[in-house]
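> Pasting structure-v1.cif here (mmCIF, C-alpha atoms):
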data_input
#
loop_
_atom_site.group_PDB
_atom_site.id
_atom_site.type_symbol
_atom_site.label_atom_id
_atom_site.label_comp_id
_atom_site.auth_asym_id
_atom_site.auth_seq_id
_atom_site.Cartn_x
_atom_site.Cartn_y
_atom_site.Cartn_z
ATOM 1 C CA MET A 1078 0.000 0.000 0.000
ATOM 2 C CA GLY A 1079 1.139 3.560 -0.545
ATOM 3 C CA ALA A 1080 2.327 6.028 2.037
ATOM 4 C CA TYR A 1081 -0.165 8.423 3.590
ATOM 5 C CA ALA A 1082 -0.025 11.538 5.752
ATOM 6 C CA PHE A 1083 -0.874 11.244 9.447
ATOM 7 C CA ASP A 1084 -1.361 14.547 11.222
ATOM 8 C CA VAL A 1085 -1.527 14.063 14.992
ATOM 9 C CA GLU A 1086 -4.717 15.975 15.724
ATOM 10 C CA ALA A 1087 -5.635 17.070 19.252
ATOM 11 C CA GLY A 1088 -9.273 15.962 18.985
ATOM 12 C CA HIS A 1089 -8.246 12.534 17.749
ATOM 13 C CA VAL A 1090 -5.870 12.115 20.698
ATOM 14 C CA LEU A 1091 -8.643 13.241 23.079
ATOM 15 C CA ALA A 1092 -11.108 10.699 21.637
ATOM 16 C CA PHE A 1093 -8.471 7.968 21.915
ATOM 17 C CA ALA A 1094 -7.630 8.942 25.512
ATOM 18 C CA ARG A 1095 -11.290 8.790 26.512
ATOM 19 C CA ALA A 1096 -11.705 5.394 24.830
ATOM 20 C CA VAL A 1097 -8.837 3.852 26.811
ATOM 21 C CA GLY A 1098 -9.786 5.517 30.100
ATOM 22 C CA ASP A 1099 -6.801 7.856 30.301
ATOM 23 C CA GLU A 1100 -7.759 10.152 33.189
ATOM 24 C CA GLN A 1101 -4.983 12.673 32.569
ATOM 25 C CA LEU A 1102 -5.561 13.250 28.860
ATOM 26 C CA ALA A 1103 -9.348 12.859 28.918
ATOM 27 C CA HIS A 1104 -10.144 16.210 30.577
ATOM 28 C CA ASP A 1105 -9.326 18.747 27.893
ATOM 29 C CA VAL A 1106 -8.205 18.963 24.299
ATOM 30 C CA PRO A 1107 -4.446 18.381 24.570
ATOM 31 C CA ILE A 1108 -2.238 21.303 23.630
ATOM 32 C CA PRO A 1109 0.299 21.032 20.791
ATOM 33 C CA GLY A 1110 3.476 19.385 22.010
ATOM 34 C CA THR A 1111 1.718 16.969 24.371
ATOM 35 C CA PRO A 1112 3.282 13.479 24.081
ATOM 36 C CA VAL A 1113 0.695 11.046 22.707
ATOM 37 C CA PRO A 1114 -0.155 7.696 24.311
ATOM 38 C CA VAL A 1115 2.448 5.186 23.137
ATOM 39 C CA THR A 1116 -0.118 3.042 21.315
ATOM 40 C CA PHE A 1117 -2.009 5.985 19.776
ATOM 41 C CA PRO A 1118 -0.186 5.836 16.394
ATOM 42 C CA ALA A 1119 -2.048 2.575 15.717
ATOM 43 C CA ALA A 1120 -4.990 4.903 15.020
ATOM 44 C CA ALA A 1121 -3.139 6.330 11.997
ATOM 45 C CA VAL A 1122 -5.203 3.979 9.837
ATOM 46 C CA GLN A 1123 -8.002 6.567 10.145
ATOM 47 C CA PHE A 1124 -5.914 8.711 7.764
ATOM 48 C CA ASP A 1125 -5.430 6.008 5.136
ATOM 49 C CA PRO A 1126 -7.547 7.413 2.273
ATOM 50 C CA THR A 1127 -8.845 3.925 1.436
ATOM 51 C CA HIS A 1128 -9.820 2.915 4.989
ATOM 52 C CA MET A 1129 -13.506 2.006 5.552
ATOM 53 C CA ARG A 1130 -14.457 3.252 2.119
ATOM 54 C CA GLY A 1131 -17.525 1.194 1.285
ATOM 55 C CA LEU A 1132 -17.288 -0.092 4.884
ATOM 56 C CA ARG A 1133 -14.117 -2.015 4.024
ATOM 57 C CA PRO A 1134 -11.003 -1.802 6.207
ATOM 58 C CA SER A 1135 -7.582 -1.216 4.657
ATOM 59 C CA GLY A 1136 -4.072 -2.492 5.250
ATOM 60 C CA ALA A 1137 -3.494 -4.902 8.120
ATOM 61 C CA LEU A 1138 -7.068 -4.488 9.345
ATOM 62 C CA ALA A 1139 -8.376 -5.822 6.015
ATOM 63 C CA ALA A 1140 -7.162 -9.288 6.994
ATOM 64 C CA THR A 1141 -10.140 -10.029 9.231
ATOM 65 C CA SER A 1142 -11.369 -13.220 7.524
ATOM 66 C CA SER A 1143 -9.602 -16.469 8.236
ATOM 67 C CA THR A 1144 -8.388 -18.558 5.329
ATOM 68 C CA ALA A 1145 -7.956 -21.538 7.661
ATOM 69 C CA GLY A 1146 -11.421 -21.873 9.213
ATOM 70 C CA GLY A 1147 -10.910 -20.050 12.509
ATOM 71 C CA SER A 1148 -10.291 -16.345 13.029
ATOM 72 C CA VAL A 1149 -7.643 -13.736 12.348
ATOM 73 C CA LEU A 1150 -6.489 -12.443 15.720
ATOM 74 C CA HIS A 1151 -3.930 -9.918 16.889
ATOM 75 C CA ALA A 1152 -1.156 -11.977 18.506
ATOM 76 C CA GLU A 1153 1.580 -9.442 19.233
ATOM 77 C CA GLN A 1154 2.206 -5.706 18.985
ATOM 78 C CA GLU A 1155 5.350 -3.664 19.436
ATOM 79 C CA PHE A 1156 6.168 0.052 19.192
ATOM 80 C CA GLU A 1157 9.794 1.170 18.908
ATOM 81 C CA TYR A 1158 10.281 4.932 19.272
ATOM 82 C CA PHE A 1159 13.324 6.772 17.951
ATOM 83 C CA ALA A 1160 11.810 10.111 18.993
ATOM 84 C CA PRO A 1161 8.611 11.013 20.887
ATOM 85 C CA VAL A 1162 5.401 11.745 18.949
ATOM 86 C CA HIS A 1163 3.495 14.868 19.978
ATOM 87 C CA VAL A 1164 0.138 16.474 19.293
ATOM 88 C CA GLY A 1165 0.670 18.685 16.238
ATOM 89 C CA ASP A 1166 3.258 16.461 14.563
ATOM 90 C CA SER A 1167 2.917 15.684 10.867
ATOM 91 C CA LEU A 1168 4.011 12.167 10.024
ATOM 92 C CA THR A 1169 4.052 9.938 6.963
ATOM 93 C CA VAL A 1170 3.080 6.295 7.378
ATOM 94 C CA THR A 1171 4.252 3.386 5.250
ATOM 95 C CA GLU A 1172 2.943 -0.121 5.866
ATOM 96 C CA TYR A 1173 4.633 -3.276 4.598
ATOM 97 C CA GLU A 1174 4.682 -7.006 5.211
ATOM 98 C CA GLY A 1175 7.376 -8.719 7.261
ATOM 99 C CA ALA A 1176 7.943 -12.368 8.032
ATOM 100 C CA SER A 1177 5.375 -15.167 7.920
ATOM 101 C CA TRP A 1178 5.552 -18.496 9.749
ATOM 102 C CA ARG A 1179 3.443 -21.427 10.962
ATOM 103 C CA ARG A 1180 3.177 -23.591 14.004
ATOM 104 C CA GLN A 1181 0.788 -25.983 15.736
ATOM 105 C CA SER A 1182 -1.329 -25.189 18.775
ATOM 106 C CA ARG A 1183 -3.405 -27.524 20.936
ATOM 107 C CA ARG A 1184 -5.976 -24.761 21.423
ATOM 108 C CA ALA A 1185 -6.467 -23.508 17.876
ATOM 109 C CA GLY A 1186 -4.910 -26.008 15.422
ATOM 110 C CA THR A 1187 -2.517 -24.803 12.744
ATOM 111 C CA LEU A 1188 -1.538 -21.192 13.310
ATOM 112 C CA THR A 1189 -0.299 -18.996 10.477
ATOM 113 C CA PHE A 1190 1.452 -15.830 11.621
ATOM 114 C CA HIS A 1191 1.928 -12.691 9.527
ATOM 115 C CA GLU A 1192 4.103 -9.779 10.543
ATOM 116 C CA ILE A 1193 3.062 -6.284 9.409
ATOM 117 C CA LEU A 1194 5.345 -3.320 9.913
ATOM 118 C CA ARG A 1195 4.585 0.389 9.824
ATOM 119 C CA ASP A 1196 7.177 3.139 9.587
ATOM 120 C CA TYR A 1197 6.297 6.634 10.763
ATOM 121 C CA ARG A 1198 8.565 9.420 9.473
ATOM 122 C CA ASP A 1199 8.616 13.113 10.320
ATOM 123 C CA VAL A 1200 8.625 16.004 7.846
ATOM 124 C CA THR A 1201 12.393 15.670 7.388
ATOM 125 C CA GLY A 1202 12.078 11.978 6.529
ATOM 126 C CA GLU A 1203 13.571 10.795 9.819
ATOM 127 C CA LEU A 1204 12.165 7.543 11.197
ATOM 128 C CA VAL A 1205 10.496 8.375 14.529
ATOM 129 C CA LEU A 1206 8.540 5.187 15.144
ATOM 130 C CA ARG A 1207 8.329 1.635 13.829
ATOM 131 C CA SER A 1208 5.371 -0.522 14.817
ATOM 132 C CA ARG A 1209 5.278 -4.283 14.420
ATOM 133 C CA MET A 1210 1.991 -6.146 14.389
ATOM 134 C CA VAL A 1211 1.724 -9.936 14.336
ATOM 135 C CA LEU A 1212 -1.589 -11.362 13.153
ATOM 136 C CA VAL A 1213 -2.443 -15.033 13.580
ATOM 137 C CA ASP A 1214 -4.851 -16.954 11.373
ATOM 138 C CA THR A 1215 -6.221 -19.816 13.487
ATOM 139 C CA GLU A 1216 -7.696 -23.113 12.334
ATOM 140 C CA PHE A 1217 -10.291 -23.095 15.153
ATOM 141 C CA PRO A 1218 -11.725 -20.431 17.495
ATOM 142 C CA VAL A 1219 -9.486 -19.773 20.511
ATOM 143 C CA SER A 1220 -10.723 -20.794 23.948
ATOM 144 C CA ASP A 1221 -10.084 -18.897 27.169
ATOM 145 C CA GLU A 1222 -7.970 -21.589 28.770
ATOM 146 C CA GLY A 1223 -4.214 -21.351 28.675
ATOM 147 C CA ASP A 1224 -2.038 -19.494 26.277
ATOM 148 C CA ARG A 1225 -3.679 -17.947 23.226
ATOM 149 C CA SER A 1226 -1.033 -19.261 20.868
ATOM 150 C CA MET B 1459 19.836 4.200 39.479
ATOM 151 C CA THR B 1460 17.962 7.431 39.940
ATOM 152 C CA GLY B 1461 16.305 9.142 37.014
ATOM 153 C CA ARG B 1462 14.635 12.520 36.724
ATOM 154 C CA VAL B 1463 11.156 12.077 35.292
ATOM 155 C CA SER B 1464 8.943 15.093 34.648
ATOM 156 C CA GLY B 1465 10.983 17.147 37.094
ATOM 157 C CA VAL B 1466 10.742 14.585 39.894
ATOM 158 C CA CYS B 1467 13.542 12.279 40.977
ATOM 159 C CA VAL B 1468 12.420 8.674 40.620
ATOM 160 C CA GLU B 1469 14.535 5.765 41.772
ATOM 161 C CA PHE B 1470 14.361 2.631 39.667
ATOM 162 C CA VAL B 1471 15.340 -0.495 41.564
ATOM 163 C CA VAL B 1472 15.184 -3.976 40.102
ATOM 164 C CA GLY B 1473 12.018 -5.605 41.399
ATOM 165 C CA SER B 1474 10.148 -2.391 42.208
ATOM 166 C CA ARG B 1475 6.596 -2.463 40.913
ATOM 167 C CA ARG B 1476 3.596 -0.277 40.093
ATOM 168 C CA GLU B 1477 0.163 -1.752 39.618
ATOM 169 C CA ARG B 1478 -3.479 -0.808 39.527
ATOM 170 C CA VAL B 1479 -6.857 -1.558 38.061
ATOM 171 C CA VAL B 1480 -6.741 0.133 34.656
ATOM 172 C CA ILE B 1481 -10.262 -0.729 33.488
ATOM 173 C CA PRO B 1482 -12.808 -1.576 36.232
ATOM 174 C CA GLU B 1483 -15.264 -3.090 33.769
ATOM 175 C CA ILE B 1484 -14.973 -3.426 30.004
ATOM 176 C CA THR B 1485 -18.289 -2.574 28.395
ATOM 177 C CA ARG B 1486 -19.504 -3.062 24.864
ATOM 178 C CA THR B 1487 -19.817 0.716 24.724
ATOM 179 C CA GLN B 1488 -16.101 1.097 25.481
ATOM 180 C CA ILE B 1489 -15.275 -1.433 22.760
ATOM 181 C CA VAL B 1490 -17.352 0.624 20.305
ATOM 182 C CA GLN B 1491 -15.655 3.791 21.560
ATOM 183 C CA TYR B 1492 -12.211 2.280 20.993
ATOM 184 C CA ALA B 1493 -13.225 1.050 17.523
ATOM 185 C CA GLY B 1494 -14.265 4.584 16.611
ATOM 186 C CA ALA B 1495 -11.115 6.215 17.980
ATOM 187 C CA SER B 1496 -8.669 3.658 16.602
ATOM 188 C CA GLY B 1497 -10.340 2.848 13.291
ATOM 189 C CA ASP B 1498 -10.299 -0.898 14.031
ATOM 190 C CA TYR B 1499 -13.854 -2.000 13.190
ATOM 191 C CA SER B 1500 -13.097 -5.739 12.975
ATOM 192 C CA PRO B 1501 -16.416 -7.606 13.297
ATOM 193 C CA LEU B 1502 -14.917 -9.728 16.082
ATOM 194 C CA HIS B 1503 -15.073 -6.494 18.131
ATOM 195 C CA THR B 1504 -18.161 -4.799 16.720
ATOM 196 C CA ASP B 1505 -20.606 -7.442 15.437
ATOM 197 C CA ASP B 1506 -21.966 -9.820 18.087
ATOM 198 C CA PRO B 1507 -23.731 -12.264 15.706
ATOM 199 C CA TYR B 1508 -20.550 -12.431 13.586
ATOM 200 C CA ALA B 1509 -18.429 -13.199 16.664
ATOM 201 C CA VAL B 1510 -20.857 -15.933 17.761
ATOM 202 C CA ARG B 1511 -20.818 -17.477 14.272
ATOM 203 C CA ALA B 1512 -17.010 -17.410 14.449
ATOM 204 C CA GLY B 1513 -17.199 -19.612 17.561
ATOM 205 C CA TYR B 1514 -16.871 -17.063 20.338
ATOM 206 C CA GLN B 1515 -19.239 -16.147 23.196
ATOM 207 C CA GLY B 1516 -19.694 -12.723 21.610
ATOM 208 C CA VAL B 1517 -17.588 -9.693 20.788
ATOM 209 C CA MET B 1518 -14.176 -9.482 22.453
ATOM 210 C CA ALA B 1519 -12.327 -6.290 23.308
ATOM 211 C CA HIS B 1520 -9.478 -5.164 21.081
ATOM 212 C CA GLY B 1521 -6.151 -6.426 22.383
ATOM 213 C CA MET B 1522 -4.928 -2.921 21.614
ATOM 214 C CA LEU B 1523 -7.416 -1.536 24.147
ATOM 215 C CA ALA B 1524 -5.855 -3.718 26.860
ATOM 216 C CA MET B 1525 -2.381 -2.676 25.646
ATOM 217 C CA ALA B 1526 -3.329 1.004 25.819
ATOM 218 C CA ALA B 1527 -4.808 0.577 29.299
ATOM 219 C CA ALA B 1528 -1.591 -1.032 30.588
ATOM 220 C CA GLU B 1529 0.450 1.747 28.971
ATOM 221 C CA ARG B 1530 -1.072 4.210 31.430
ATOM 222 C CA VAL B 1531 0.854 2.505 34.264
ATOM 223 C CA LEU B 1532 4.090 3.033 32.313
ATOM 224 C CA ALA B 1533 3.187 6.617 31.387
ATOM 225 C CA ASP B 1534 2.444 7.539 35.000
ATOM 226 C CA TRP B 1535 5.677 5.985 36.220
ATOM 227 C CA VAL B 1536 8.344 6.800 33.630
ATOM 228 C CA GLY B 1537 6.694 9.380 31.359
ATOM 229 C CA ARG B 1538 5.532 8.967 27.781
ATOM 230 C CA ASP B 1539 8.280 11.031 26.218
ATOM 231 C CA ARG B 1540 10.852 8.642 27.727
ATOM 232 C CA LEU B 1541 9.408 5.346 26.537
ATOM 233 C CA VAL B 1542 11.455 3.985 23.650
ATOM 234 C CA ARG B 1543 9.904 0.537 23.313
ATOM 235 C CA TYR B 1544 6.687 -1.167 24.337
ATOM 236 C CA GLY B 1545 5.766 -4.621 23.119
ATOM 237 C CA VAL B 1546 3.160 -7.178 24.196
ATOM 238 C CA ARG B 1547 1.704 -10.588 23.430
ATOM 239 C CA PHE B 1548 -2.051 -10.942 23.612
ATOM 240 C CA VAL B 1549 -2.386 -14.123 25.644
ATOM 241 C CA SER B 1550 -6.145 -14.529 26.139
ATOM 242 C CA PRO B 1551 -9.261 -12.705 24.922
ATOM 243 C CA VAL B 1552 -10.767 -9.876 26.976
ATOM 244 C CA TRP B 1553 -14.567 -9.979 27.222
ATOM 245 C CA PRO B 1554 -17.224 -7.415 28.121
ATOM 246 C CA GLY B 1555 -17.589 -7.455 31.910
ATOM 247 C CA ASP B 1556 -13.901 -8.178 32.504
ATOM 248 C CA SER B 1557 -11.888 -6.053 34.912
ATOM 249 C CA LEU B 1558 -8.260 -5.430 33.947
ATOM 250 C CA HIS B 1559 -5.395 -5.043 36.414
ATOM 251 C CA ALA B 1560 -1.989 -4.042 35.026
ATOM 252 C CA ALA B 1561 1.405 -4.275 36.716
ATOM 253 C CA ALA B 1562 4.848 -3.077 35.648
ATOM 254 C CA THR B 1563 8.014 -4.387 37.326
ATOM 255 C CA VAL B 1564 11.584 -3.180 36.875
ATOM 256 C CA ARG B 1565 13.595 -6.038 35.308
ATOM 257 C CA ALA B 1566 16.864 -4.187 34.705
ATOM 258 C CA VAL B 1567 18.503 -0.803 34.997
ATOM 259 C CA ARG B 1568 21.356 -0.320 32.557
ATOM 260 C CA GLU B 1569 23.815 2.278 31.371
ATOM 261 C CA GLU B 1570 24.313 2.660 27.637
ATOM 262 C CA PRO B 1571 26.678 5.018 25.742
ATOM 263 C CA ASP B 1572 23.758 7.444 25.207
ATOM 264 C CA GLY B 1573 22.467 7.324 28.794
ATOM 265 C CA GLY B 1574 20.591 5.245 31.347
ATOM 266 C CA TYR B 1575 17.670 2.970 30.608
ATOM 267 C CA VAL B 1576 15.132 1.027 32.647
ATOM 268 C CA ASP B 1577 13.596 -2.201 31.344
ATOM 269 C CA LEU B 1578 10.191 -3.180 32.679
ATOM 270 C CA ASP B 1579 8.029 -6.287 32.481
ATOM 271 C CA VAL B 1580 4.311 -5.739 32.021
ATOM 272 C CA VAL B 1581 1.470 -8.111 32.792
ATOM 273 C CA THR B 1582 -2.284 -7.583 32.710
ATOM 274 C CA THR B 1583 -4.686 -9.963 34.432
ATOM 275 C CA ASN B 1584 -8.462 -10.180 34.560
ATOM 276 C CA GLN B 1585 -10.793 -10.455 37.563
ATOM 277 C CA ASP B 1586 -10.096 -14.223 37.787
ATOM 278 C CA GLY B 1587 -6.337 -13.679 37.893
ATOM 279 C CA ALA B 1588 -5.915 -15.028 34.358
ATOM 280 C CA THR B 1589 -3.189 -13.368 32.309
ATOM 281 C CA VAL B 1590 -4.556 -11.623 29.228
ATOM 282 C CA LEU B 1591 -1.433 -9.722 28.161
ATOM 283 C CA THR B 1592 2.304 -9.978 28.827
ATOM 284 C CA GLY B 1593 5.031 -7.706 27.561
ATOM 285 C CA ASN B 1594 7.902 -5.400 28.292
ATOM 286 C CA ALA B 1595 8.998 -1.846 27.827
ATOM 287 C CA SER B 1596 12.154 0.235 27.927
ATOM 288 C CA ALA B 1597 12.536 3.882 28.850
ATOM 289 C CA ARG B 1598 15.313 6.436 29.082
ATOM 290 C CA ILE B 1599 16.027 7.646 32.621
#
Please express what this file holds, its structure, as structure tokens.

Amino acid sequence: MGAYAFDVEAGHVLAFARAVGDEQLAHDVPIPGTPVPVTFPAAAVQFDPTHMRGLRPSGALAATSSTAGGSVLHAEQEFEYFAPVHVGDSLTVTEYEGASWRRQSRRAGTLTFHEILRDYRDVTGELVLRSRMVLVDTEFPVSDEGDRS
Amino acid sequence: MTGRVSGVCVEFVVGSRRERVVIPEITRTQIVQYAGASGDYSPLHTDDPYAVRAGYQGVMAHGMLAMAAAERVLADWVGRDRLVRYGVRFVSPVWPGDSLHAAATVRAVREEPDGGYVDLDVVTTNQDGATVLTGNASARI
């Protein structure tokens, strides 16, 4: 998928903070320069011009239907910051696929993992954040008992 | 090692821990709210009949909602502008009605050429004590 602009808007950060129960950020519209919640950049998909057009998700979130009979679930997530992200920043997001692998699980059968990476760069082109998402396509629905994978 | 965080001296000692209830009760409304804010409208989180057909008891919360809730413990302790890495595994689903308790524990304090760092382990459990999320984070101090 192509790169897209992600402007870190104060109202978006406020809505995110209220959704996750962040007492400190939820009171007022955050001022420019406020550090964003570490997981907030996951919400950049809102700025992908193709996202939810015709009610269809884009990028990593498009992979919601299992090809194996179970479900596509979010197995792991990582954010690596090279500089803080603040309200008012203008970033460019590029999403690309990483590794893929398989293994067996007693709880959910054959598991197929897909790694999806996103790079967030500032206006000078410097990498400020890399996120790594691992999705797992399960053969069966996952029960509550024990380890998910 | 002692670090200055948001103007306050904070001592990071291996084994020291911060913990609290980060979400007293997950509601379907909060799941909808997170879907709207994050842009993740996966039907496993937003469409109850779909989730039941997929073999689940109903919609589950986004793992990212649990990750964001646990992040507040880190933010309060070390400061958001100091966190350089935060990664988790989503171990078990989180359901409406669940209460989430998050804990962060100092695993290591280290000195690198560019300054001091603290490494923390993170775990989130539900009201039954079951682990729903495990992970770790690193911050500059």
> Apply the PyMOL selection byres ((chain A) within 6 of (chain B)) to the structure shown and report the selected residues as a PDB file with C-alpha atoms, keeping the file's coordinate frame.

ATOM      1  CA  ALA A1092     -11.108  10.699  21.637  1.00  0.00           C
ATOM      2  CA  PHE A1093      -8.471   7.968  21.915  1.00  0.00           C
ATOM      3  CA  ALA A1096     -11.705   5.394  24.830  1.00  0.00           C
ATOM      4  CA  VAL A1097      -8.837   3.852  26.811  1.00  0.00           C
ATOM      5  CA  PRO A1112       3.282  13.479  24.081  1.00  0.00           C
ATOM      6  CA  THR A1116      -0.118   3.042  21.315  1.00  0.00           C
ATOM      7  CA  ALA A1120      -4.990   4.903  15.020  1.00  0.00           C
ATOM      8  CA  GLN A1123      -8.002   6.567  10.145  1.00  0.00           C
ATOM      9  CA  ALA A1152      -1.156 -11.977  18.506  1.00  0.00           C
ATOM     10  CA  GLU A1153       1.580  -9.442  19.233  1.00  0.00           C
ATOM     11  CA  GLN A1154       2.206  -5.706  18.985  1.00  0.00           C
ATOM     12  CA  GLU A1155       5.350  -3.664  19.436  1.00  0.00           C
ATOM     13  CA  PHE A1156       6.168   0.052  19.192  1.00  0.00           C
ATOM     14  CA  GLU A1157       9.794   1.170  18.908  1.00  0.00           C
ATOM     15  CA  TYR A1158      10.281   4.932  19.272  1.00  0.00           C
ATOM     16  CA  PRO A1161       8.611  11.013  20.887  1.00  0.00           C
ATOM     17  CA  PRO A1218     -11.725 -20.431  17.495  1.00  0.00           C
ATOM     18  CA  ASP A1221     -10.084 -18.897  27.169  1.00  0.00           C
ATOM     19  CA  ASP A1224      -2.038 -19.494  26.277  1.00  0.00           C
ATOM     20  CA  ARG A1225      -3.679 -17.947  23.226  1.00  0.00           C
TER      21      ARG A1225
END
> Here is a test: counting all atoms listed in the file, which residue of A:Ala1087, A:Ser1148, A:Ser1177, A:Gly1098 is nearest to B:Ile1484?
A:Gly1098
> Applying the PyMOL selection byres ((chain A and resi 1128-1141) around 10) to the file I just gave you, which residues come out? Please list them as a PDB file with C-alpha atoms, keeping the file's coordinate frame.

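Just written: selection-v4.pdb:
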ATOM      1  CA  MET A1078       0.000   0.000   0.000  1.00  0.00           C
ATOM      2  CA  GLY A1079       1.139   3.560  -0.545  1.00  0.00           C
ATOM      3  CA  VAL A1122      -5.203   3.979   9.837  1.00  0.00           C
ATOM      4  CA  GLN A1123      -8.002   6.567  10.145  1.00  0.00           C
ATOM      5  CA  PHE A1124      -5.914   8.711   7.764  1.00  0.00           C
ATOM      6  CA  ASP A1125      -5.430   6.008   5.136  1.00  0.00           C
ATOM      7  CA  PRO A1126      -7.547   7.413   2.273  1.00  0.00           C
ATOM      8  CA  THR A1127      -8.845   3.925   1.436  1.00  0.00           C
ATOM      9  CA  SER A1142     -11.369 -13.220   7.524  1.00  0.00           C
ATOM     10  CA  SER A1143      -9.602 -16.469   8.236  1.00  0.00           C
ATOM     11  CA  THR A1144      -8.388 -18.558   5.329  1.00  0.00           C
ATOM     12  CA  SER A1148     -10.291 -16.345  13.029  1.00  0.00           C
ATOM     13  CA  VAL A1149      -7.643 -13.736  12.348  1.00  0.00           C
ATOM     14  CA  LEU A1150      -6.489 -12.443  15.720  1.00  0.00           C
ATOM     15  CA  HIS A1151      -3.930  -9.918  16.889  1.00  0.00           C
ATOM     16  CA  GLU A1172       2.943  -0.121   5.866  1.00  0.00           C
ATOM     17  CA  TYR A1173       4.633  -3.276   4.598  1.00  0.00           C
ATOM     18  CA  GLU A1174       4.682  -7.006   5.211  1.00  0.00           C
ATOM     19  CA  HIS A1191       1.928 -12.691   9.527  1.00  0.00           C
ATOM     20  CA  GLU A1192       4.103  -9.779  10.543  1.00  0.00           C
ATOM     21  CA  ILE A1193       3.062  -6.284   9.409  1.00  0.00           C
ATOM     22  CA  LEU A1194       5.345  -3.320   9.913  1.00  0.00           C
ATOM     23  CA  ARG A1195       4.585   0.389   9.824  1.00  0.00           C
ATOM     24  CA  MET A1210       1.991  -6.146  14.389  1.00  0.00           C
ATOM     25  CA  VAL A1211       1.724  -9.936  14.336  1.00  0.00           C
ATOM     26  CA  LEU A1212      -1.589 -11.362  13.153  1.00  0.00           C
ATOM     27  CA  VAL A1213      -2.443 -15.033  13.580  1.00  0.00           C
ATOM     28  CA  ASP A1214      -4.851 -16.954  11.373  1.00  0.00           C
TER      29      ASP A1214
ATOM     30  CA  GLY B1497     -10.340   2.848  13.291  1.00  0.00           C
ATOM     31  CA  ASP B1498     -10.299  -0.898  14.031  1.00  0.00           C
ATOM     32  CA  TYR B1499     -13.854  -2.000  13.190  1.00  0.00           C
ATOM     33  CA  SER B1500     -13.097  -5.739  12.975  1.00  0.00           C
ATOM     34  CA  PRO B1501     -16.416  -7.606  13.297  1.00  0.00           C
ATOM     35  CA  LEU B1502     -14.917  -9.728  16.082  1.00  0.00           C
TER      36      LEU B1502
END
> Atom CA of B:Val1472 to atom CA of B:Val1576: how many Å, to one decimal?
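Computed distance, atom CA of B:Val1472 to atom CA of B:Val1576, equals 9.0 Å.
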> Leaving out A:Leu1168 and any residue of its chain fewer than 4 positions from it, which residues lie within 9 Å of it when counting all atoms listed in the file, given as a list in words?
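These residues fall inside the cut-off: Tyr1081, Ala1082, Phe1083, Asp1084, Val1085, Tyr1197, Arg1198, Asp1199, Val1200, Gly1202 and Val1205 of chain A.
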> Work out how far atom CA of A:Ser1208 is from atom CA of B:Val1479, in Å to one decimal.
26.3 Å
> I would like the residues chosen by the PyMOL selection byres ((chain A and resi 1181) around 12) on the shown file; could you give them as a list in words?
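Those residues are Trp1178, Arg1179, Arg1180, Ser1182, Arg1183, Arg1184, Ala1185, Gly1186, Thr1187, Leu1188, Thr1189, Phe1190, Val1213, Asp1214, Thr1215, Glu1216, Phe1217, Arg1225 and Ser1226 of chain A.
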> Now that the selection is made, can you save its residues with C-alpha atoms as an mmCIF file, keeping the file's coordinate frame?

data_model
loop_
_atom_site.group_PDB
_atom_site.id
_atom_site.type_symbol
_atom_site.label_atom_id
_atom_site.label_comp_id
_atom_site.auth_asym_id
_atom_site.auth_seq_id
_atom_site.Cartn_x
_atom_site.Cartn_y
_atom_site.Cartn_z
ATOM 1 C CA TRP A 1178 5.552 -18.496 9.749
ATOM 2 C CA ARG A 1179 3.443 -21.427 10.962
ATOM 3 C CA ARG A 1180 3.177 -23.591 14.004
ATOM 4 C CA SER A 1182 -1.329 -25.189 18.775
ATOM 5 C CA ARG A 1183 -3.405 -27.524 20.936
ATOM 6 C CA ARG A 1184 -5.976 -24.761 21.423
ATOM 7 C CA ALA A 1185 -6.467 -23.508 17.876
ATOM 8 C CA GLY A 1186 -4.910 -26.008 15.422
ATOM 9 C CA THR A 1187 -2.517 -24.803 12.744
ATOM 10 C CA LEU A 1188 -1.538 -21.192 13.310
ATOM 11 C CA THR A 1189 -0.299 -18.996 10.477
ATOM 12 C CA PHE A 1190 1.452 -15.830 11.621
ATOM 13 C CA VAL A 1213 -2.443 -15.033 13.580
ATOM 14 C CA ASP A 1214 -4.851 -16.954 11.373
ATOM 15 C CA THR A 1215 -6.221 -19.816 13.487
ATOM 16 C CA GLU A 1216 -7.696 -23.113 12.334
ATOM 17 C CA PHE A 1217 -10.291 -23.095 15.153
ATOM 18 C CA ARG A 1225 -3.679 -17.947 23.226
ATOM 19 C CA SER A 1226 -1.033 -19.261 20.868
#
